[in-house]
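Comments concern the structure below.
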Amino acid sequence: MKTMFGGNGLEVTPKMLPVIPTMDVVVFPQMIVPLLVVDEKIIKGIDLTIEESKLVLLLAAKDYQEGNGTIGTNDLYRVGTVGSIMRMVKMPEGGVKILVQGLYKVMVDEIIADGNYLKAGFIKLEAELIDGQELAPQIRGIKLLAEKMANSGNSFSPDFFLIISKMSDPEKIADFVLSHLNLSVQHAQALLETTNQKKFLEAVYSHLVKEMEVSEIQERIRNNARESMNQSHKEFYLREQLRAIKKELGDQEDEDITLLHEKLDKLQVNNDIKAEIRRQINRLERTAPDSLEATVTRNYLEWVFALPWGVHSTDTLNIESAKQILEQDHFGLKEIKERILDFICVRNLKQDGYAPILCFVGPPGTGKTSLGKSIALSLGRSYARISLGGVKDEAEIRGHRRTYVGAMPGRFIQAIRKAQSSNPVIVIDELDKIGADFRGDPSAAMLEVLDPQQNYAFHDNYLGVPFDFSKVMFVATANNLDAVSEPLRDRMEIIELSGYTLEEKMNIARHHLVRKAFSDMGLESRGITLSDEVLNDMIVGYTRESGVRQFERVIRRICSKAAREIVEHNRQVTFSTSNLDSYLGPKKFLNDFQIKENVIGISNGLAWTAYGGEIITIEAVLMPGKGKLILTGQLGEVMKESAKAAVSYVRAHAHEFSIHQKMFNEYDLHIHAPAGAVPKDGPSAGITLLTAILSAYTKIPISCDYAMTGEINLCGEVMPIGGLKEKILAAKRHRIPYVIAPCKNRNDLIGMDNVISDIDIIWVSHVNDVIERVFRTRLKAAKLEETIQPEGILAEELINSTLV
């Protein structure tokens with residue numbers, strides 16, 4: 001190792017020294033820093049100076065950022081520090097690590113990059129000497145701040161003050177303080193280039209004050225966070241620190257907020273809605289991120305931006321394609337299919353026409369709900385379904401207010417989000433099953449949803465802004481239209497779906513049910529068949545319904561039996577009417593329901609229920625008493641009044657039927673409707689009650705070949721009724737050959753040839769027409785003497801003379 005000495009024996013600094021660029025640190029005199037060197041040229045310069053003087057020139061790089069590539073000579077500051085290499089260690093992975101101590105400041109006048117290493121010529125910078133008395137205030141201030149900071153223990157250790165208290169040289173004090181401050185390269189370089197001692201000490205004091213302020217802020221942040229911290233939740237502690245830092249810095253900008261504003265700019269809504277959403281975004285921006293209010297606002301904004309504002313699907317207006325889809329998915333239902341095709345034709349002529357609001361009313365299992373999906377498919381629209389059965393809270397329709405915990409939009413807004421379209425087909429299932437309680441009436445809230453004059457600006461309590469429902473096609477379903485409020489019915493186009501006839505059920509089974517059951521059971525290629533005779537036997541003997549839901553279950557059951565035979569016995573089963581009961585059990589409904597003989601006082605009536613038409617038997621019997629009318633069988637008020645009206649008509653025309661008045665005073669009349677556990681009501685049993693009462697008083701049997709329906713008044717006129725198609729289908733299911741119905745209901749069966757086939761419809765306008773049909777012998781008008789008959793004479797003796 002060589003050392004250079006002058007002629008007087010003192011160490012001499014070479015005129016040129018190897019340059020070591022420092023990337024993120026400025027080395028001051030008296031400062032000791034470790035440096036990692038990986039550049040080969042710089043390492044060669046270090047090796048050279050180690051052998052000679054151990055001195056290097058430390059120059060800081062301007063605006064260095066990692067990954068920017070190599071550093072040129074123009075990227076280095078011209079004021080640096082000459083340092084002495086105290087130690088050097090070669091690293092195993094390459095490069096060297098040196099420990100350098102700064103000696104004095106220099107000004108570079110020339111940087112030379114030759115082939116071996118980087119070197120520079122320089123001039124030593126001498127500080128402007130100032131009287132010590134003039135620098136005393138600055139030195140005293142630096143020492144007092146150092147003592148204060150050392151005592152707080154936040155920035156400097158206690159040893160820092162002990163060392164600085166023993167120093168008196170202003171330059172050494174300043175260099176020592178700078179070695180402990182975390183300054184940026186720019187600030188540190190500015191200090192390094194300062195030659196005036198007073199300005200230099202003032203700048204050091206200023207940086208020391210800033211360091212102390214930062215230290216105090218950090219301590220305050222820690223204290224604030226510590227006070228509100230739950231010791232068992234580290235995550236909460238970190239969030240509090242972040243909140244406190246943002247509060248002190250005044251920095252509320254966040255990438256999520258910027259993203260929300262960008263989404264808002266792209267949203268296709270009017271200015272009023274944008275203003276409300278922007279207000280909520282600003283509110284979120286001002287709210288602490290971990291607060292409950294921020295969570296509520298964030299959830300609200302997620303819902304708003306998830307909705308398809310202004311997003312519409314294009315309708316498929318191909319009429320032939322729509323016909324094919326509707327015919328493929330459903331058999332029959334001509335009226336509904338015609339209505340959908342009419343709508344498509346209107347859309348072909350006018351694209352922005354109104355969307356109809358339909359309501360399908362009919363028994364269960366007739367395909368009301370699945371029709372909605374087929375409509376959406378035929379139109380090429382998105383599909384969503386909302387079930388309102390059992391809903392009692394108005395908030396389910398209008399949404400909850402955001403003040404409630406767990407608040408959500410109403411079901412219609414949720415359906416719109418699910419459909420991701422502003423013009424989907426929404427099926428409102430079980431509209432007649434809506435309830436009402438102290439939380440409001442959902443059916444009243446539905447008025448706004450289903451009103452074309454209002455739903456263009458539907459207000460959901462959660463959203464707080466209007467949403468356009470005018471392009472949505474609503475399809476409601478119900479079993480009982482009477483359970484739907486009158487204002488709600490007025491807003492919908494009612495289309496009734498009656499029960500299926502035997503022929504329709506056969507067609508549905510052949511084209512849909514059997515094929516689907518075979519596919520689900522894995523029997524497509526097994527050669528299993530169900531003949532028309534078997535299907536007919538299944539419909540008649542194992543089901544009694546207006547729809548086909550139970551029929552489908554029976555088909556699936558017999559298919560499962562076929563699958564079991566294949567798996568267990570490896571044989572193919574053939575189903576026939578003779579072996580059907582061995583797989584399905586005995587028949588549940590026998591064909592001998594019809595009374596085989598004519599009976600006195602028993603009449604077959606027809607009733608309408610939400611599940612289709614049914615046969616109802618009315619029984620009447622006389623017994624000694626005081627002329628009381630006894631009604632049993634859980635009859636409703638309207639049906640009780642019909643019974644009283646029938647009795648009044650018989651009493652008023654007793655002379656026409658040769659009934660003595662004594663019969664009404666000395667005999668009680670008991671009218672009963674079997675199946676007493678089932679409530680019964682309605683006026684359509686009027687002629688059924690009349691014939692049963694008349695048969696009981698006259699002892700003339702009623703023909704069992706007739707089933708009847710019709711309301712009567714006190715003049716004997718037969719009034720129109722509802723649900724005639726369902727009632728006729730019920731008579732056909734029970735193999736009754738004749739149905740008596742009011743003349744005023746003739747128009748109800750226009751275009752329903754398949755319903756009235758294989759059954760005779762007898763139209764009547766007066767009860768006399770009914771009486772002539774159902775009684776095998778005609779009643780002969782006769783006058784009985786107004787004499788009191790002796791006690792003990794039976795009713796038969798009073799009316800024997802009236803029988804022809």
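Chain lettering (A, B, ...) mirrors the order of the structure tokens, residue numbering begins at 1 for each chain separately, and ligand numbering begins at 1 in order of display.
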
Excluding same-chain residues fewer than 4 positions from segment 179-186 of chain A, what lies within 9 Å of it counting only C-alpha atoms, as a PyMOL selection string? chain A and resi 23-28+30-33+60-63+155-156+160+174-175+190-191+207-208+211

File dump, residues just selected, N, CA, C and O atoms, as an mmCIF file, in the first residue's frame:
```cif
data_model
loop_
_atom_site.group_PDB
_atom_site.id
_atom_site.type_symbol
_atom_site.label_atom_id
_atom_site.label_comp_id
_atom_site.auth_asym_id
_atom_site.auth_seq_id
_atom_site.Cartn_x
_atom_site.Cartn_y
_atom_site.Cartn_z
ATOM 1 N N MET A 23 -26.337 7.079 -4.792
ATOM 2 C CA MET A 23 -27.656 7.149 -5.442
ATOM 3 C C MET A 23 -28.710 7.849 -4.595
ATOM 4 O O MET A 23 -29.495 8.635 -5.086
ATOM 5 N N ASP A 24 -28.775 7.560 -3.314
ATOM 6 C CA ASP A 24 -29.860 8.086 -2.499
ATOM 7 C C ASP A 24 -29.352 8.707 -1.204
ATOM 8 O O ASP A 24 -30.086 8.802 -0.228
ATOM 9 N N VAL A 25 -28.098 9.092 -1.173
ATOM 10 C CA VAL A 25 -27.538 9.672 0.039
ATOM 11 C C VAL A 25 -26.486 10.720 -0.356
ATOM 12 O O VAL A 25 -25.810 10.591 -1.378
ATOM 13 N N VAL A 26 -26.430 11.776 0.461
ATOM 14 C CA VAL A 26 -25.379 12.793 0.325
ATOM 15 C C VAL A 26 -24.461 12.665 1.547
ATOM 16 O O VAL A 26 -24.942 12.733 2.689
ATOM 17 N N VAL A 27 -23.171 12.443 1.293
ATOM 18 C CA VAL A 27 -22.214 12.225 2.379
ATOM 19 C C VAL A 27 -21.624 13.575 2.799
ATOM 20 O O VAL A 27 -21.113 14.329 1.956
ATOM 21 N N PHE A 28 -21.746 13.884 4.093
ATOM 22 C CA PHE A 28 -21.183 15.112 4.650
ATOM 23 C C PHE A 28 -19.843 14.792 5.330
ATOM 24 O O PHE A 28 -19.568 13.627 5.670
ATOM 25 N N GLN A 30 -17.277 14.162 8.181
ATOM 26 C CA GLN A 30 -17.397 13.480 9.473
ATOM 27 C C GLN A 30 -18.477 12.397 9.475
ATOM 28 O O GLN A 30 -18.658 11.722 10.486
ATOM 29 N N MET A 31 -19.204 12.234 8.371
ATOM 30 C CA MET A 31 -20.258 11.213 8.315
ATOM 31 C C MET A 31 -19.658 9.885 7.862
ATOM 32 O O MET A 31 -18.848 9.851 6.948
ATOM 33 N N ILE A 32 -20.028 8.804 8.528
ATOM 34 C CA ILE A 32 -19.568 7.457 8.185
ATOM 35 C C ILE A 32 -20.752 6.701 7.584
ATOM 36 O O ILE A 32 -21.795 6.555 8.243
ATOM 37 N N VAL A 33 -20.599 6.236 6.365
ATOM 38 C CA VAL A 33 -21.698 5.538 5.680
ATOM 39 C C VAL A 33 -21.166 4.297 4.986
ATOM 40 O O VAL A 33 -20.030 4.291 4.490
ATOM 41 N N ALA A 60 -23.165 12.868 -5.303
ATOM 42 C CA ALA A 60 -24.564 12.398 -5.318
ATOM 43 C C ALA A 60 -25.139 12.508 -6.723
ATOM 44 O O ALA A 60 -24.781 13.404 -7.494
ATOM 45 N N ALA A 61 -26.022 11.560 -7.036
ATOM 46 C CA ALA A 61 -26.679 11.550 -8.348
ATOM 47 C C ALA A 61 -27.955 12.378 -8.292
ATOM 48 O O ALA A 61 -28.668 12.403 -7.286
ATOM 49 N N LYS A 62 -28.257 13.053 -9.418
ATOM 50 C CA LYS A 62 -29.457 13.883 -9.511
ATOM 51 C C LYS A 62 -30.675 13.029 -9.865
ATOM 52 O O LYS A 62 -30.645 12.281 -10.837
ATOM 53 N N ASP A 63 -31.776 13.182 -9.110
ATOM 54 C CA ASP A 63 -33.084 12.567 -9.435
ATOM 55 C C ASP A 63 -32.942 11.110 -9.834
ATOM 56 O O ASP A 63 -33.465 10.651 -10.854
ATOM 57 N N SER A 155 -36.916 10.277 18.130
ATOM 58 C CA SER A 155 -36.060 10.386 16.950
ATOM 59 C C SER A 155 -34.620 9.976 17.229
ATOM 60 O O SER A 155 -34.044 9.174 16.498
ATOM 61 N N PHE A 156 -34.043 10.555 18.266
ATOM 62 C CA PHE A 156 -32.635 10.303 18.575
ATOM 63 C C PHE A 156 -32.508 9.592 19.910
ATOM 64 O O PHE A 156 -33.355 9.740 20.796
ATOM 65 N N PHE A 160 -27.087 10.600 21.677
ATOM 66 C CA PHE A 160 -26.944 11.672 20.690
ATOM 67 C C PHE A 160 -26.689 13.010 21.377
ATOM 68 O O PHE A 160 -25.809 13.767 20.984
ATOM 69 N N ALA A 174 -22.731 20.646 13.168
ATOM 70 C CA ALA A 174 -23.682 20.585 12.057
ATOM 71 C C ALA A 174 -23.560 19.272 11.295
ATOM 72 O O ALA A 174 -24.561 18.628 10.956
ATOM 73 N N ASP A 175 -22.327 18.829 11.010
ATOM 74 C CA ASP A 175 -22.137 17.571 10.281
ATOM 75 C C ASP A 175 -22.649 16.383 11.085
ATOM 76 O O ASP A 175 -23.210 15.430 10.526
ATOM 77 N N ALA A 190 -28.276 20.748 -1.096
ATOM 78 C CA ALA A 190 -28.296 22.203 -0.895
ATOM 79 C C ALA A 190 -27.486 22.601 0.334
ATOM 80 O O ALA A 190 -26.779 23.620 0.336
ATOM 81 N N LEU A 191 -27.584 21.799 1.408
ATOM 82 C CA LEU A 191 -26.790 22.071 2.602
ATOM 83 C C LEU A 191 -25.301 21.882 2.335
ATOM 84 O O LEU A 191 -24.454 22.644 2.820
ATOM 85 N N HIS A 207 -34.112 22.205 9.549
ATOM 86 C CA HIS A 207 -34.400 20.781 9.305
ATOM 87 C C HIS A 207 -34.612 20.032 10.617
ATOM 88 O O HIS A 207 -35.420 19.103 10.682
ATOM 89 N N LEU A 208 -33.873 20.439 11.623
ATOM 90 C CA LEU A 208 -34.044 19.790 12.924
ATOM 91 C C LEU A 208 -35.428 20.081 13.506
ATOM 92 O O LEU A 208 -36.058 19.213 14.108
ATOM 93 N N GLU A 211 -37.888 17.938 11.694
ATOM 94 C CA GLU A 211 -37.782 16.564 12.186
ATOM 95 C C GLU A 211 -38.515 16.405 13.503
ATOM 96 O O GLU A 211 -39.182 15.403 13.751
#
```

Could you go through segment 209-385 of chain A and tell me which residues DSSP, when run on the backbone, assigns to strand (DSSP E), listing them as a list in words? Ile357, Leu358, Cys359, Phe360, Val361, Tyr383, Ala384 and Arg385 of chain A

Residues within 6 Å of segment 715-722 of chain A, only C-alpha atoms, excluding chain neighbours under 2 positions, as a list in words: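 Those residues are Ser684, Gly710, Glu711, Ile712, Asn713, Leu724, Pro742, Lys744, Asn745, Ser765, His766 and Val767 of chain A.
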
Take the residues from that selection and write them out as a PDB file, in the first residue's frame, keeping N, CA and C atoms.
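See out30.pdb below for the written result:
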```
ATOM      1  N   SER A 684    -123.769 -19.718  -7.330  1.00  0.00           N
ATOM      2  CA  SER A 684    -124.046 -20.546  -8.513  1.00  0.00           C
ATOM      3  C   SER A 684    -124.712 -21.876  -8.180  1.00  0.00           C
ATOM      4  N   GLY A 710    -126.026 -22.535 -11.745  1.00  0.00           N
ATOM      5  CA  GLY A 710    -126.797 -21.350 -12.093  1.00  0.00           C
ATOM      6  C   GLY A 710    -127.378 -20.702 -10.851  1.00  0.00           C
ATOM      7  N   GLU A 711    -127.372 -19.406 -10.850  1.00  0.00           N
ATOM      8  CA  GLU A 711    -127.971 -18.638  -9.750  1.00  0.00           C
ATOM      9  C   GLU A 711    -129.443 -18.395 -10.052  1.00  0.00           C
ATOM     10  N   ILE A 712    -130.266 -18.356  -9.018  1.00  0.00           N
ATOM     11  CA  ILE A 712    -131.691 -18.091  -9.208  1.00  0.00           C
ATOM     12  C   ILE A 712    -132.092 -16.850  -8.428  1.00  0.00           C
ATOM     13  N   ASN A 713    -133.157 -16.217  -8.918  1.00  0.00           N
ATOM     14  CA  ASN A 713    -133.766 -15.139  -8.141  1.00  0.00           C
ATOM     15  C   ASN A 713    -135.157 -15.588  -7.698  1.00  0.00           C
ATOM     16  N   LEU A 724    -117.503 -21.292 -16.107  1.00  0.00           N
ATOM     17  CA  LEU A 724    -118.282 -22.354 -16.754  1.00  0.00           C
ATOM     18  C   LEU A 724    -117.379 -23.405 -17.384  1.00  0.00           C
ATOM     19  N   PRO A 742    -126.832 -21.708 -17.422  1.00  0.00           N
ATOM     20  CA  PRO A 742    -127.683 -20.561 -17.797  1.00  0.00           C
ATOM     21  C   PRO A 742    -127.512 -20.188 -19.262  1.00  0.00           C
ATOM     22  N   LYS A 744    -127.559 -17.306 -20.447  1.00  0.00           N
ATOM     23  CA  LYS A 744    -126.765 -16.082 -20.567  1.00  0.00           C
ATOM     24  C   LYS A 744    -125.260 -16.354 -20.576  1.00  0.00           C
ATOM     25  N   ASN A 745    -124.858 -17.605 -20.392  1.00  0.00           N
ATOM     26  CA  ASN A 745    -123.436 -17.967 -20.443  1.00  0.00           C
ATOM     27  C   ASN A 745    -123.036 -18.614 -21.760  1.00  0.00           C
ATOM     28  N   SER A 765    -133.204 -20.933 -18.960  1.00  0.00           N
ATOM     29  CA  SER A 765    -133.415 -19.543 -18.539  1.00  0.00           C
ATOM     30  C   SER A 765    -134.349 -19.440 -17.350  1.00  0.00           C
ATOM     31  N   HIS A 766    -135.057 -20.543 -17.015  1.00  0.00           N
ATOM     32  CA  HIS A 766    -135.989 -20.520 -15.881  1.00  0.00           C
ATOM     33  C   HIS A 766    -135.908 -21.856 -15.168  1.00  0.00           C
ATOM     34  N   VAL A 767    -136.255 -21.851 -13.895  1.00  0.00           N
ATOM     35  CA  VAL A 767    -136.162 -23.083 -13.108  1.00  0.00           C
ATOM     36  C   VAL A 767    -137.108 -24.148 -13.630  1.00  0.00           C
TER      37      VAL A 767
END
```

Surrounding residues of Ser519 of chain A excluding itself and chain neighbours under 3 positions, 12 Å, only C-alpha atoms, as a PyMOL selection string: chain A and resi 512-516+522-526+528+556+559-560+563

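If you measure from each of A:Gly365, A:Gly406, A:Pro424, A:Pro737 to Arg385 of chain A using only C-alpha atoms, the closest one turns out to be A:Pro424.
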
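In this structure, atom CA of Cys345 of chain A sits 15.2 Å away from atom CA of Gln324 of chain A.
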